[in-house]
Amino acid sequence: MKSFRKITWTIVAIQFVFTMICFAFFAPETVITHFGFKGIDSVGPRYMLFLEPICTVVSGLLIIWVAKVRRRENGIKENMNVIMPAEGMLLTGHLLIAVIMSVLILDQIGLTHILQLY
């Protein structure tokens, strides 16, 4: 469980560092805060970029809780320092959430159009 937690919080830390870099060097004073069907619905101050790392922290806490519950249900000791296959799937989902949040940050600051990501 210890290695599972380390990987989870490493993903959160990388997401936070990425957001700090975008905030410090690339973010304009106002960023896009909502996309609608007809385009941009609203904008806000650039500190709104930190909502994405908060979502990553919440998903990290959630997958740690799910992993604990699954280990308890299966009778696996929590101090067993092995990542179970189901926990690997949870980590993959957590990484996917972090990547989606990173692309969203790039879109909010307008870099996806410059980099032609889509």
# chains A, B, ... in the order shown; residues from 1 in each chain; ligands from 1
>>> residues_around(residues="range 26-38 of chain A", least_positions_apart="4", cutoff="10 Å", atoms="only C-alpha atoms", output="list in words")
Thr19, Met20, Ile21, Cys22, Ser42, Val43, Gly44, Pro45, Arg46, Tyr47, Met48, Leu49, Leu51, Leu104, Ile105, Leu106, Asp107, Gln108, Ile109, Gly110 and Leu111 of chain A
>>> write_last_selection(atoms="N, CA and C atoms", output="PDB file, in the first residue's frame")
ATOM      1  N   THR A  19       0.882  22.698 -13.294  1.00  0.00           N
ATOM      2  CA  THR A  19      -0.010  23.851 -13.153  1.00  0.00           C
ATOM      3  C   THR A  19       0.766  25.091 -12.737  1.00  0.00           C
ATOM      4  N   MET A  20       1.715  24.933 -11.826  1.00  0.00           N
ATOM      5  CA  MET A  20       2.535  26.081 -11.403  1.00  0.00           C
ATOM      6  C   MET A  20       3.322  26.663 -12.570  1.00  0.00           C
ATOM      7  N   ILE A  21       3.887  25.787 -13.405  1.00  0.00           N
ATOM      8  CA  ILE A  21       4.646  26.256 -14.575  1.00  0.00           C
ATOM      9  C   ILE A  21       3.731  27.007 -15.531  1.00  0.00           C
ATOM     10  N   CYS A  22       2.566  26.440 -15.807  1.00  0.00           N
ATOM     11  CA  CYS A  22       1.611  27.112 -16.689  1.00  0.00           C
ATOM     12  C   CYS A  22       1.156  28.439 -16.097  1.00  0.00           C
ATOM     13  N   SER A  42     -17.590  31.483 -20.181  1.00  0.00           N
ATOM     14  CA  SER A  42     -17.149  32.434 -19.159  1.00  0.00           C
ATOM     15  C   SER A  42     -15.638  32.374 -18.990  1.00  0.00           C
ATOM     16  N   VAL A  43     -15.119  33.446 -18.448  1.00  0.00           N
ATOM     17  CA  VAL A  43     -13.692  33.550 -18.142  1.00  0.00           C
ATOM     18  C   VAL A  43     -13.548  33.964 -16.684  1.00  0.00           C
ATOM     19  N   GLY A  44     -12.355  33.753 -16.157  1.00  0.00           N
ATOM     20  CA  GLY A  44     -12.096  34.110 -14.774  1.00  0.00           C
ATOM     21  C   GLY A  44     -10.631  34.409 -14.558  1.00  0.00           C
ATOM     22  N   PRO A  45     -10.260  34.745 -13.339  1.00  0.00           N
ATOM     23  CA  PRO A  45      -8.846  35.038 -13.048  1.00  0.00           C
ATOM     24  C   PRO A  45      -7.986  33.785 -13.216  1.00  0.00           C
ATOM     25  N   ARG A  46      -6.717  33.995 -13.433  1.00  0.00           N
ATOM     26  CA  ARG A  46      -5.844  32.864 -13.761  1.00  0.00           C
ATOM     27  C   ARG A  46      -5.626  31.893 -12.609  1.00  0.00           C
ATOM     28  N   TYR A  47      -5.894  32.284 -11.381  1.00  0.00           N
ATOM     29  CA  TYR A  47      -5.745  31.333 -10.278  1.00  0.00           C
ATOM     30  C   TYR A  47      -6.782  30.206 -10.359  1.00  0.00           C
ATOM     31  N   MET A  48      -7.775  30.363 -11.225  1.00  0.00           N
ATOM     32  CA  MET A  48      -8.769  29.301 -11.421  1.00  0.00           C
ATOM     33  C   MET A  48      -8.137  28.041 -12.022  1.00  0.00           C
ATOM     34  N   LEU A  49      -6.924  28.158 -12.542  1.00  0.00           N
ATOM     35  CA  LEU A  49      -6.211  26.984 -13.058  1.00  0.00           C
ATOM     36  C   LEU A  49      -5.978  25.943 -11.963  1.00  0.00           C
ATOM     37  N   LEU A  51      -7.978  24.724  -9.926  1.00  0.00           N
ATOM     38  CA  LEU A  51      -9.101  23.808  -9.697  1.00  0.00           C
ATOM     39  C   LEU A  51      -8.774  22.404 -10.205  1.00  0.00           C
ATOM     40  N   LEU A 104      -6.765  20.140 -20.255  1.00  0.00           N
ATOM     41  CA  LEU A 104      -7.750  21.186 -19.965  1.00  0.00           C
ATOM     42  C   LEU A 104      -7.055  22.491 -19.568  1.00  0.00           C
ATOM     43  N   ILE A 105      -5.993  22.386 -18.791  1.00  0.00           N
ATOM     44  CA  ILE A 105      -5.233  23.587 -18.416  1.00  0.00           C
ATOM     45  C   ILE A 105      -4.646  24.243 -19.657  1.00  0.00           C
ATOM     46  N   LEU A 106      -4.060  23.429 -20.544  1.00  0.00           N
ATOM     47  CA  LEU A 106      -3.502  23.982 -21.777  1.00  0.00           C
ATOM     48  C   LEU A 106      -4.583  24.659 -22.614  1.00  0.00           C
ATOM     49  N   ASP A 107      -5.771  24.079 -22.611  1.00  0.00           N
ATOM     50  CA  ASP A 107      -6.874  24.666 -23.358  1.00  0.00           C
ATOM     51  C   ASP A 107      -7.340  25.965 -22.708  1.00  0.00           C
ATOM     52  N   GLN A 108      -7.356  26.006 -21.386  1.00  0.00           N
ATOM     53  CA  GLN A 108      -7.797  27.211 -20.683  1.00  0.00           C
ATOM     54  C   GLN A 108      -6.872  28.390 -20.933  1.00  0.00           C
ATOM     55  N   ILE A 109      -5.592  28.141 -21.073  1.00  0.00           N
ATOM     56  CA  ILE A 109      -4.654  29.251 -21.281  1.00  0.00           C
ATOM     57  C   ILE A 109      -4.395  29.506 -22.761  1.00  0.00           C
ATOM     58  N   GLY A 110      -5.033  28.719 -23.626  1.00  0.00           N
ATOM     59  CA  GLY A 110      -4.954  28.964 -25.060  1.00  0.00           C
ATOM     60  C   GLY A 110      -3.793  28.310 -25.767  1.00  0.00           C
ATOM     61  N   LEU A 111      -3.067  27.419 -25.122  1.00  0.00           N
ATOM     62  CA  LEU A 111      -1.909  26.799 -25.767  1.00  0.00           C
ATOM     63  C   LEU A 111      -2.253  25.643 -26.689  1.00  0.00           C
TER      64      LEU A 111
END
>>> select_by_dssp(residues="range 30-85 of chain A", states="strand (DSSP E or B)", output="list in words")
Thr30, Val31, Ile32, Thr33, His34, Phe35, Gly36, Gly39, Ile40, Asp41, Ser42, Val43, Gly44 and Pro45 of chain A
>>> select_by_dssp(residues="chain A", states="helix (DSSP H, G or I)", output="ChimeraX atom specification")
/A:2-26,46-74,85-108,111-115
>>> residues_around(residues="range 81-83 of chain A", least_positions_apart="6", cutoff="9 Å", atoms="only C-alpha atoms", output="list in words")
Met1, Lys2, Ser3 and Phe4 of chain A
